[in-house]
>>> print(open('query_3.csv').read())   # CSV, N, CA, C and O atoms
chain,number,residue,atom,x,y,z
L,1,MET,N,128.7,93.7,114.9
L,1,MET,CA,129.2,93.3,113.6
L,1,MET,C,128.1,92.7,112.8
L,1,MET,O,127.1,92.2,113.3
L,2,THR,N,128.3,92.8,111.5
L,2,THR,CA,127.4,92.2,110.6
L,2,THR,C,128.0,91.1,109.8
L,2,THR,O,129.2,90.9,110.0
L,3,ASP,N,127.3,90.5,108.9
L,3,ASP,CA,127.9,89.5,108.1
L,3,ASP,C,128.4,90.0,106.7
L,3,ASP,O,128.5,89.2,105.8
L,4,GLU,N,128.7,91.2,106.6
L,4,GLU,CA,129.2,91.8,105.4
L,4,GLU,C,130.7,91.7,105.3
L,4,GLU,O,131.4,92.1,106.2
L,5,PRO,N,131.2,91.1,104.2
L,5,PRO,CA,132.6,90.9,104.1
L,5,PRO,C,133.4,92.2,103.9
L,5,PRO,O,134.6,92.3,104.1
L,6,SER,N,132.7,93.3,103.5
L,6,SER,CA,133.3,94.6,103.4
L,6,SER,C,133.8,95.2,104.7
L,6,SER,O,134.6,96.1,104.7
L,7,LYS,N,133.3,94.6,105.8
L,7,LYS,CA,133.7,95.2,107.1
L,7,LYS,C,135.0,94.6,107.6
L,7,LYS,O,135.5,95.0,108.7
L,8,ILE,N,135.6,93.7,106.9
L,8,ILE,CA,136.8,93.0,107.3
L,8,ILE,C,138.0,94.0,107.4
L,8,ILE,O,138.7,94.0,108.4
L,9,GLY,N,138.1,94.9,106.5
L,9,GLY,CA,139.1,95.9,106.5
L,9,GLY,C,139.0,96.8,107.7
L,9,GLY,O,140.0,97.2,108.3
L,10,GLU,N,137.8,97.2,108.0
L,10,GLU,CA,137.5,98.0,109.2
L,10,GLU,C,137.9,97.3,110.5
L,10,GLU,O,138.5,97.9,111.4
L,11,ALA,N,137.6,96.0,110.5
L,11,ALA,CA,137.9,95.2,111.7
L,11,ALA,C,139.4,95.1,111.9
L,11,ALA,O,139.9,95.2,113.0
L,12,ILE,N,140.1,94.9,110.8
L,12,ILE,CA,141.6,94.8,110.9
L,12,ILE,C,142.2,96.1,111.3
L,12,ILE,O,143.1,96.1,112.2
L,13,SER,N,141.8,97.2,110.8
L,13,SER,CA,142.3,98.5,111.2
L,13,SER,C,142.0,98.8,112.7
L,13,SER,O,142.8,99.4,113.4
L,14,LEU,N,140.8,98.5,113.1
L,14,LEU,CA,140.5,98.6,114.5
L,14,LEU,C,141.3,97.8,115.4
L,14,LEU,O,141.8,98.2,116.5
L,15,SER,N,141.6,96.6,115.0
L,15,SER,CA,142.4,95.7,115.8
L,15,SER,C,143.9,96.2,115.9
L,15,SER,O,144.5,96.1,116.9
L,16,LYS,N,144.4,96.7,114.8
L,16,LYS,CA,145.7,97.3,114.8
L,16,LYS,C,145.8,98.5,115.8
L,16,LYS,O,146.8,98.6,116.5
L,17,ARG,N,144.8,99.3,115.7
L,17,ARG,CA,144.8,100.5,116.6
L,17,ARG,C,144.7,100.1,118.1
L,17,ARG,O,145.3,100.6,118.9
L,18,THR,N,143.9,99.0,118.3
L,18,THR,CA,143.7,98.5,119.7
L,18,THR,C,145.0,98.0,120.2
L,18,THR,O,145.4,98.2,121.3
L,19,MET,N,145.8,97.2,119.4
L,19,MET,CA,147.0,96.7,119.8
L,19,MET,C,148.1,97.8,120.1
L,19,MET,O,148.9,97.7,121.0
L,20,ARG,N,148.0,98.8,119.3
L,20,ARG,CA,149.0,99.9,119.5
L,20,ARG,C,148.7,100.6,120.9
L,20,ARG,O,149.6,100.9,121.6
L,21,ILE,N,147.4,100.8,121.2
L,21,ILE,CA,147.0,101.4,122.5
L,21,ILE,C,147.4,100.4,123.6
L,21,ILE,O,147.9,100.9,124.7
L,22,VAL,N,147.2,99.2,123.4
L,22,VAL,CA,147.6,98.2,124.5
L,22,VAL,C,149.1,98.2,124.7
L,22,VAL,O,149.5,98.2,125.9
L,23,LYS,N,149.9,98.3,123.7
L,23,LYS,CA,151.3,98.4,123.9
L,23,LYS,C,151.7,99.7,124.6
L,23,LYS,O,152.6,99.7,125.4
L,24,GLU,N,151.1,100.8,124.2
L,24,GLU,CA,151.4,102.0,124.9
L,24,GLU,C,151.1,101.9,126.4
L,24,GLU,O,151.9,102.4,127.2
L,25,ASN,N,150.0,101.3,126.7
L,25,ASN,CA,149.6,101.2,128.1
L,25,ASN,C,150.6,100.3,128.9
L,25,ASN,O,151.0,100.6,130.0
L,26,ILE,N,151.0,99.2,128.3
L,26,ILE,CA,152.0,98.3,128.9
L,26,ILE,C,153.3,99.0,129.1
L,26,ILE,O,153.9,98.9,130.2
L,27,ILE,N,153.8,99.7,128.1
L,27,ILE,CA,155.1,100.4,128.2
L,27,ILE,C,155.0,101.5,129.3
L,27,ILE,O,155.9,101.6,130.1
L,28,PHE,N,153.9,102.2,129.3
L,28,PHE,CA,153.8,103.3,130.3
L,28,PHE,C,153.7,102.7,131.7
L,28,PHE,O,154.4,103.3,132.6
L,29,ALA,N,153.0,101.7,131.9
L,29,ALA,CA,152.8,101.1,133.2
L,29,ALA,C,154.2,100.5,133.7
L,29,ALA,O,154.5,100.7,134.9
L,30,ILE,N,154.9,99.8,132.9
L,30,ILE,CA,156.2,99.3,133.3
L,30,ILE,C,157.2,100.4,133.6
L,30,ILE,O,157.9,100.4,134.6
L,31,PHE,N,157.2,101.5,132.8
L,31,PHE,CA,158.0,102.6,133.0
L,31,PHE,C,157.8,103.3,134.4
L,31,PHE,O,158.7,103.5,135.2
L,32,VAL,N,156.5,103.5,134.7
L,32,VAL,CA,156.2,104.1,136.0
L,32,VAL,C,156.6,103.2,137.2
L,32,VAL,O,157.1,103.6,138.2
L,33,LYS,N,156.3,101.9,137.0
L,33,LYS,CA,156.6,101.0,138.1
L,33,LYS,C,158.2,100.9,138.3
L,33,LYS,O,158.6,100.8,139.5
L,34,VAL,N,158.9,100.9,137.2
L,34,VAL,CA,160.4,100.9,137.4
L,34,VAL,C,160.9,102.2,138.0
L,34,VAL,O,161.8,102.2,138.9
L,35,LEU,N,160.3,103.3,137.6
L,35,LEU,CA,160.6,104.6,138.2
L,35,LEU,C,160.4,104.6,139.7
L,35,LEU,O,161.3,105.0,140.5
L,36,ILE,N,159.2,104.1,140.1
L,36,ILE,CA,158.9,104.1,141.5
L,36,ILE,C,159.8,103.1,142.3
L,36,ILE,O,160.3,103.4,143.4
L,37,LEU,N,160.2,102.0,141.6
L,37,LEU,CA,161.1,101.0,142.2
L,37,LEU,C,162.5,101.6,142.5
L,37,LEU,O,163.0,101.5,143.5
L,38,VAL,N,163.0,102.4,141.5
L,38,VAL,CA,164.3,103.0,141.6
L,38,VAL,C,164.2,104.1,142.7
L,38,VAL,O,165.1,104.2,143.5
L,39,LEU,N,163.2,104.9,142.7
L,39,LEU,CA,163.0,105.9,143.7
L,39,LEU,C,162.9,105.4,145.1
L,39,LEU,O,163.5,105.9,146.0
L,40,SER,N,162.2,104.3,145.2
L,40,SER,CA,162.1,103.7,146.6
L,40,SER,C,163.5,103.0,147.0
L,40,SER,O,163.8,103.0,148.2
L,41,ALA,N,164.2,102.5,146.0
L,41,ALA,CA,165.5,101.9,146.4
L,41,ALA,C,166.5,103.0,146.8
L,41,ALA,O,167.4,102.8,147.7
L,42,LEU,N,166.3,104.2,146.3
L,42,LEU,CA,167.1,105.4,146.7
L,42,LEU,C,166.6,106.1,147.9
L,42,LEU,O,167.2,107.0,148.4
L,43,GLY,N,165.5,105.6,148.4
L,43,GLY,CA,164.9,106.2,149.6
L,43,GLY,C,164.1,107.5,149.3
L,43,GLY,O,163.8,108.3,150.3
L,44,LYS,N,163.8,107.8,148.1
L,44,LYS,CA,163.1,109.0,147.8
L,44,LYS,C,161.6,108.8,147.7
L,44,LYS,O,160.8,109.7,147.5
L,45,SER,N,161.1,107.5,147.7
L,45,SER,CA,159.7,107.2,147.6
L,45,SER,C,159.3,106.3,148.7
L,45,SER,O,160.1,105.5,149.1
L,46,ASN,N,158.1,106.4,149.1
L,46,ASN,CA,157.6,105.5,150.1
L,46,ASN,C,156.4,104.6,149.5
L,46,ASN,O,156.1,104.7,148.4
L,47,MET,N,155.8,103.8,150.4
L,47,MET,CA,154.8,102.9,149.9
L,47,MET,C,153.6,103.6,149.4
L,47,MET,O,152.9,103.1,148.4
L,48,TRP,N,153.2,104.7,150.1
L,48,TRP,CA,152.0,105.4,149.6
L,48,TRP,C,152.1,106.0,148.2
L,48,TRP,O,151.2,106.0,147.5
L,49,GLN,N,153.3,106.5,147.9
L,49,GLN,CA,153.5,107.0,146.6
L,49,GLN,C,153.5,105.9,145.6
L,49,GLN,O,153.0,106.1,144.5
L,50,ALA,N,153.9,104.7,145.9
L,50,ALA,CA,153.9,103.5,145.0
L,50,ALA,C,152.4,103.1,144.8
L,50,ALA,O,152.0,102.8,143.7
L,51,VAL,N,151.6,103.2,145.8
L,51,VAL,CA,150.2,102.8,145.7
L,51,VAL,C,149.5,103.8,144.8
L,51,VAL,O,148.7,103.5,143.9
L,52,PHE,N,149.7,105.1,145.1
L,52,PHE,CA,149.1,106.2,144.2
L,52,PHE,C,149.6,106.1,142.8
L,52,PHE,O,148.8,106.3,141.8
L,53,ALA,N,150.9,105.8,142.6
L,53,ALA,CA,151.4,105.6,141.2
L,53,ALA,C,150.7,104.4,140.5
L,53,ALA,O,150.3,104.5,139.3
L,54,ASP,N,150.5,103.3,141.2
L,54,ASP,CA,149.9,102.2,140.6
L,54,ASP,C,148.4,102.4,140.3
L,54,ASP,O,148.0,102.1,139.2
L,55,VAL,N,147.7,103.1,141.2
L,55,VAL,CA,146.3,103.4,140.9
L,55,VAL,C,146.2,104.5,139.7
L,55,VAL,O,145.4,104.4,138.9
L,56,GLY,N,147.1,105.4,139.8
L,56,GLY,CA,147.2,106.4,138.7
L,56,GLY,C,147.5,105.8,137.3
L,56,GLY,O,146.8,106.2,136.4
L,57,VAL,N,148.4,104.9,137.3
L,57,VAL,CA,148.7,104.2,136.0
L,57,VAL,C,147.4,103.4,135.5
L,57,VAL,O,147.1,103.5,134.4
L,58,SER,N,146.7,102.8,136.5
L,58,SER,CA,145.5,102.1,136.1
L,58,SER,C,144.5,103.0,135.5
L,58,SER,O,143.9,102.7,134.5
L,59,VAL,N,144.3,104.1,136.1
L,59,VAL,CA,143.3,105.1,135.6
L,59,VAL,C,143.7,105.7,134.3
L,59,VAL,O,142.9,105.8,133.4
L,60,ILE,N,144.9,106.0,134.1
L,60,ILE,CA,145.4,106.6,132.9
L,60,ILE,C,145.3,105.5,131.8
L,60,ILE,O,144.9,105.8,130.6
L,61,ALA,N,145.6,104.3,132.1
L,61,ALA,CA,145.5,103.2,131.1
L,61,ALA,C,144.0,103.0,130.6
L,61,ALA,O,143.8,102.8,129.5
L,62,ILE,N,143.1,103.1,131.6
L,62,ILE,CA,141.7,103.0,131.2
L,62,ILE,C,141.3,104.1,130.4
L,62,ILE,O,140.6,103.9,129.3
L,63,LEU,N,141.6,105.3,130.7
L,63,LEU,CA,141.3,106.5,129.9
L,63,LEU,C,141.9,106.4,128.5
L,63,LEU,O,141.3,106.8,127.5
L,64,ASN,N,143.1,105.9,128.5
L,64,ASN,CA,143.8,105.8,127.2
L,64,ASN,C,143.1,104.7,126.3
L,64,ASN,O,143.0,104.9,125.1
L,65,ALA,N,142.6,103.7,126.9
L,65,ALA,CA,142.0,102.6,126.2
L,65,ALA,C,140.6,103.1,125.7
L,65,ALA,O,140.1,102.5,124.7
L,66,LEU,N,140.0,104.1,126.3
L,66,LEU,CA,138.8,104.6,125.8
L,66,LEU,C,138.9,105.2,124.4
L,66,LEU,O,137.9,105.5,123.8
L,67,ARG,N,140.1,105.5,124.0
L,67,ARG,CA,140.3,106.1,122.7
L,67,ARG,C,139.8,105.2,121.6
L,67,ARG,O,139.5,105.6,120.5
L,68,VAL,N,139.8,103.9,121.8
L,68,VAL,CA,139.3,102.9,120.8
L,68,VAL,C,137.9,103.2,120.5
L,68,VAL,O,137.4,102.9,119.4
L,69,LEU,N,137.1,103.7,121.4
L,69,LEU,CA,135.7,103.9,121.2
L,69,LEU,C,135.4,105.1,120.2
L,69,LEU,O,134.3,105.2,119.7
L,70,LYS,N,136.4,105.9,119.8
L,70,LYS,CA,136.3,107.0,118.9
L,70,LYS,C,136.4,106.5,117.5
L,70,LYS,O,137.3,106.8,116.7
L,71,VAL,N,135.5,105.6,117.1
L,71,VAL,CA,135.5,105.0,115.7
L,71,VAL,C,134.4,105.6,114.9
L,71,VAL,O,133.4,105.9,115.3
>>> encode(input="query_3.csv", output="structure tokens")
Amino acid sequence: MTDEPSKIGEAISLSKRTMRIVKENIIFAIFVKVLILVLSALGKSNMWQAVFADVGVSVIAILNALRVLKV
């Protein structure tokens, strides 16, 4: 960052984009965790699938967050 006041608009748009990506990641992670929870309650999923789903959600969230770098 610099001390130029003209960069404030850019910082605000970047922060809005970042918050949108954060919300997408949270919603996706909760959806996958609830899906695995329901499947395990029905006996269709086991603990290893839950572990892989959790790690997979983490990797996808990290890759999704990298979109912020495309500025």
>>> axis_aligned_box(input="query_3.csv", around="region 28-46 of chain L", padding_each_side="4 Å", output="JSON")
{"center_x": 160.1, "center_y": 104.5, "center_z": 139.8, "size_x": 22.6, "size_y": 18.4, "size_z": 29.0}
>>> atom_distance(input="query_3.csv", atom1="atom C of Arg67 (chain L)", atom2="atom N of Met19 (chain L)")
10.2 Å
>>> atom_distance(input="query_3.csv", atom1="atom C of Val34 (chain L)", atom2="atom C of Asn64 (chain L)")
21.4 Å
>>> atom_distance(input="query_3.csv", atom1="atom C of Ser6 (chain L)", atom2="atom C of Asn25 (chain L)")
29.9 Å
>>> residues_around(input="query_3.csv", residues="Val68 (chain L)", least_positions_apart="4", cutoff="7 Å", atoms="all atoms listed in the file", output="VMD selection string")
chain L and resid 14 17 to 18 63 to 64
>>> residues_around(input="query_3.csv", residues="region 49-53 of chain L", least_positions_apart="6", cutoff="7 Å", atoms="all atoms listed in the file", output="list of chain:residue names")
L:Val32, L:Lys33, L:Ile36, L:Val59
>>> residues_around(input="query_3.csv", residues="Ile26 (chain L)", least_positions_apart="4", cutoff="12 Å", atoms="only C-alpha atoms", output="count of residues only")
15
>>> closest_residue(input="query_3.csv", among="L:Ala29, L:Lys23, L:Ser40, L:Ser13", to="Val55 (chain L)", atoms="only C-alpha atoms")
L:Ala29
>>> build_atoms(input="query_3.csv", residues="region 13-24 of chain L", atoms="all heavy atoms", output="PDB file, keeping the file's coordinate frame")
ATOM      1  N   SER L  13     141.800  97.200 110.800  1.00  0.00           N
ATOM      2  CA  SER L  13     142.300  98.500 111.200  1.00  0.00           C
ATOM      3  C   SER L  13     142.000  98.800 112.700  1.00  0.00           C
ATOM      4  O   SER L  13     142.800  99.400 113.400  1.00  0.00           O
ATOM      5  CB  SER L  13     141.851  99.660 110.316  1.00  0.00           C
ATOM      6  OG  SER L  13     140.463  99.856 110.471  1.00  0.00           O
ATOM      7  N   LEU L  14     140.800  98.500 113.100  1.00  0.00           N
ATOM      8  CA  LEU L  14     140.500  98.600 114.500  1.00  0.00           C
ATOM      9  C   LEU L  14     141.300  97.800 115.400  1.00  0.00           C
ATOM     10  O   LEU L  14     141.800  98.200 116.500  1.00  0.00           O
ATOM     11  CB  LEU L  14     138.979  98.317 114.733  1.00  0.00           C
ATOM     12  CG  LEU L  14     138.438  98.485 116.139  1.00  0.00           C
ATOM     13  CD1 LEU L  14     138.537  99.935 116.575  1.00  0.00           C
ATOM     14  CD2 LEU L  14     137.004  97.991 116.207  1.00  0.00           C
ATOM     15  N   SER L  15     141.600  96.600 115.000  1.00  0.00           N
ATOM     16  CA  SER L  15     142.400  95.700 115.800  1.00  0.00           C
ATOM     17  C   SER L  15     143.900  96.200 115.900  1.00  0.00           C
ATOM     18  O   SER L  15     144.500  96.100 116.900  1.00  0.00           O
ATOM     19  CB  SER L  15     142.397  94.242 115.306  1.00  0.00           C
ATOM     20  OG  SER L  15     143.004  94.160 114.037  1.00  0.00           O
ATOM     21  N   LYS L  16     144.400  96.700 114.800  1.00  0.00           N
ATOM     22  CA  LYS L  16     145.700  97.300 114.800  1.00  0.00           C
ATOM     23  C   LYS L  16     145.800  98.500 115.800  1.00  0.00           C
ATOM     24  O   LYS L  16     146.800  98.600 116.500  1.00  0.00           O
ATOM     25  CB  LYS L  16     146.176  97.691 113.413  1.00  0.00           C
ATOM     26  CG  LYS L  16     146.506  96.513 112.534  1.00  0.00           C
ATOM     27  CD  LYS L  16     146.940  96.960 111.159  1.00  0.00           C
ATOM     28  CE  LYS L  16     147.233  95.766 110.271  1.00  0.00           C
ATOM     29  NZ  LYS L  16     147.644  96.178 108.924  1.00  0.00           N
ATOM     30  N   ARG L  17     144.800  99.300 115.700  1.00  0.00           N
ATOM     31  CA  ARG L  17     144.800 100.500 116.600  1.00  0.00           C
ATOM     32  C   ARG L  17     144.700 100.100 118.100  1.00  0.00           C
ATOM     33  O   ARG L  17     145.300 100.600 118.900  1.00  0.00           O
ATOM     34  CB  ARG L  17     143.584 101.383 116.228  1.00  0.00           C
ATOM     35  CG  ARG L  17     143.510 102.643 117.018  1.00  0.00           C
ATOM     36  CD  ARG L  17     142.415 103.539 116.523  1.00  0.00           C
ATOM     37  NE  ARG L  17     142.388 104.735 117.356  1.00  0.00           N
ATOM     38  CZ  ARG L  17     141.381 105.562 117.432  1.00  0.00           C
ATOM     39  NH1 ARG L  17     140.319 105.354 116.699  1.00  0.00           N
ATOM     40  NH2 ARG L  17     141.431 106.606 118.213  1.00  0.00           N
ATOM     41  N   THR L  18     143.900  99.000 118.300  1.00  0.00           N
ATOM     42  CA  THR L  18     143.700  98.500 119.700  1.00  0.00           C
ATOM     43  C   THR L  18     145.000  98.000 120.200  1.00  0.00           C
ATOM     44  O   THR L  18     145.400  98.200 121.300  1.00  0.00           O
ATOM     45  CB  THR L  18     142.639  97.448 119.702  1.00  0.00           C
ATOM     46  OG1 THR L  18     141.415  97.997 119.224  1.00  0.00           O
ATOM     47  CG2 THR L  18     142.442  96.919 121.104  1.00  0.00           C
ATOM     48  N   MET L  19     145.800  97.200 119.400  1.00  0.00           N
ATOM     49  CA  MET L  19     147.000  96.700 119.800  1.00  0.00           C
ATOM     50  C   MET L  19     148.100  97.800 120.100  1.00  0.00           C
ATOM     51  O   MET L  19     148.900  97.700 121.000  1.00  0.00           O
ATOM     52  CB  MET L  19     147.579  95.695 118.739  1.00  0.00           C
ATOM     53  CG  MET L  19     146.868  94.367 118.742  1.00  0.00           C
ATOM     54  SD  MET L  19     146.898  93.539 120.340  1.00  0.00           S
ATOM     55  CE  MET L  19     148.638  93.287 120.563  1.00  0.00           C
ATOM     56  N   ARG L  20     148.000  98.800 119.300  1.00  0.00           N
ATOM     57  CA  ARG L  20     149.000  99.900 119.500  1.00  0.00           C
ATOM     58  C   ARG L  20     148.700 100.600 120.900  1.00  0.00           C
ATOM     59  O   ARG L  20     149.600 100.900 121.600  1.00  0.00           O
ATOM     60  CB  ARG L  20     148.861 100.971 118.379  1.00  0.00           C
ATOM     61  CG  ARG L  20     149.909 102.064 118.484  1.00  0.00           C
ATOM     62  CD  ARG L  20     149.849 103.038 117.333  1.00  0.00           C
ATOM     63  NE  ARG L  20     148.606 103.792 117.371  1.00  0.00           N
ATOM     64  CZ  ARG L  20     147.699 103.829 116.394  1.00  0.00           C
ATOM     65  NH1 ARG L  20     147.891 103.146 115.295  1.00  0.00           N
ATOM     66  NH2 ARG L  20     146.601 104.544 116.523  1.00  0.00           N
ATOM     67  N   ILE L  21     147.400 100.800 121.200  1.00  0.00           N
ATOM     68  CA  ILE L  21     147.000 101.400 122.500  1.00  0.00           C
ATOM     69  C   ILE L  21     147.400 100.400 123.600  1.00  0.00           C
ATOM     70  O   ILE L  21     147.900 100.900 124.700  1.00  0.00           O
ATOM     71  CB  ILE L  21     145.543 101.749 122.471  1.00  0.00           C
ATOM     72  CG1 ILE L  21     145.311 102.908 121.504  1.00  0.00           C
ATOM     73  CG2 ILE L  21     145.065 102.119 123.863  1.00  0.00           C
ATOM     74  CD1 ILE L  21     143.862 103.267 121.286  1.00  0.00           C
ATOM     75  N   VAL L  22     147.200  99.200 123.400  1.00  0.00           N
ATOM     76  CA  VAL L  22     147.600  98.200 124.500  1.00  0.00           C
ATOM     77  C   VAL L  22     149.100  98.200 124.700  1.00  0.00           C
ATOM     78  O   VAL L  22     149.500  98.200 125.900  1.00  0.00           O
ATOM     79  CB  VAL L  22     147.123  96.762 124.075  1.00  0.00           C
ATOM     80  CG1 VAL L  22     147.757  95.716 124.959  1.00  0.00           C
ATOM     81  CG2 VAL L  22     145.617  96.649 124.116  1.00  0.00           C
ATOM     82  N   LYS L  23     149.900  98.300 123.700  1.00  0.00           N
ATOM     83  CA  LYS L  23     151.300  98.400 123.900  1.00  0.00           C
ATOM     84  C   LYS L  23     151.700  99.700 124.600  1.00  0.00           C
ATOM     85  O   LYS L  23     152.600  99.700 125.400  1.00  0.00           O
ATOM     86  CB  LYS L  23     152.015  98.231 122.503  1.00  0.00           C
ATOM     87  CG  LYS L  23     151.926  96.841 121.932  1.00  0.00           C
ATOM     88  CD  LYS L  23     152.538  96.760 120.558  1.00  0.00           C
ATOM     89  CE  LYS L  23     152.333  95.378 119.959  1.00  0.00           C
ATOM     90  NZ  LYS L  23     152.834  95.301 118.574  1.00  0.00           N
ATOM     91  N   GLU L  24     151.100 100.800 124.200  1.00  0.00           N
ATOM     92  CA  GLU L  24     151.400 102.000 124.900  1.00  0.00           C
ATOM     93  C   GLU L  24     151.100 101.900 126.400  1.00  0.00           C
ATOM     94  O   GLU L  24     151.900 102.400 127.200  1.00  0.00           O
ATOM     95  CB  GLU L  24     150.508 103.165 124.315  1.00  0.00           C
ATOM     96  CG  GLU L  24     150.880 103.624 122.942  1.00  0.00           C
ATOM     97  CD  GLU L  24     149.889 104.629 122.382  1.00  0.00           C
ATOM     98  OE1 GLU L  24     148.927 105.011 123.090  1.00  0.00           O
ATOM     99  OE2 GLU L  24     150.070 105.026 121.221  1.00  0.00           O
TER     100      GLU L  24
END
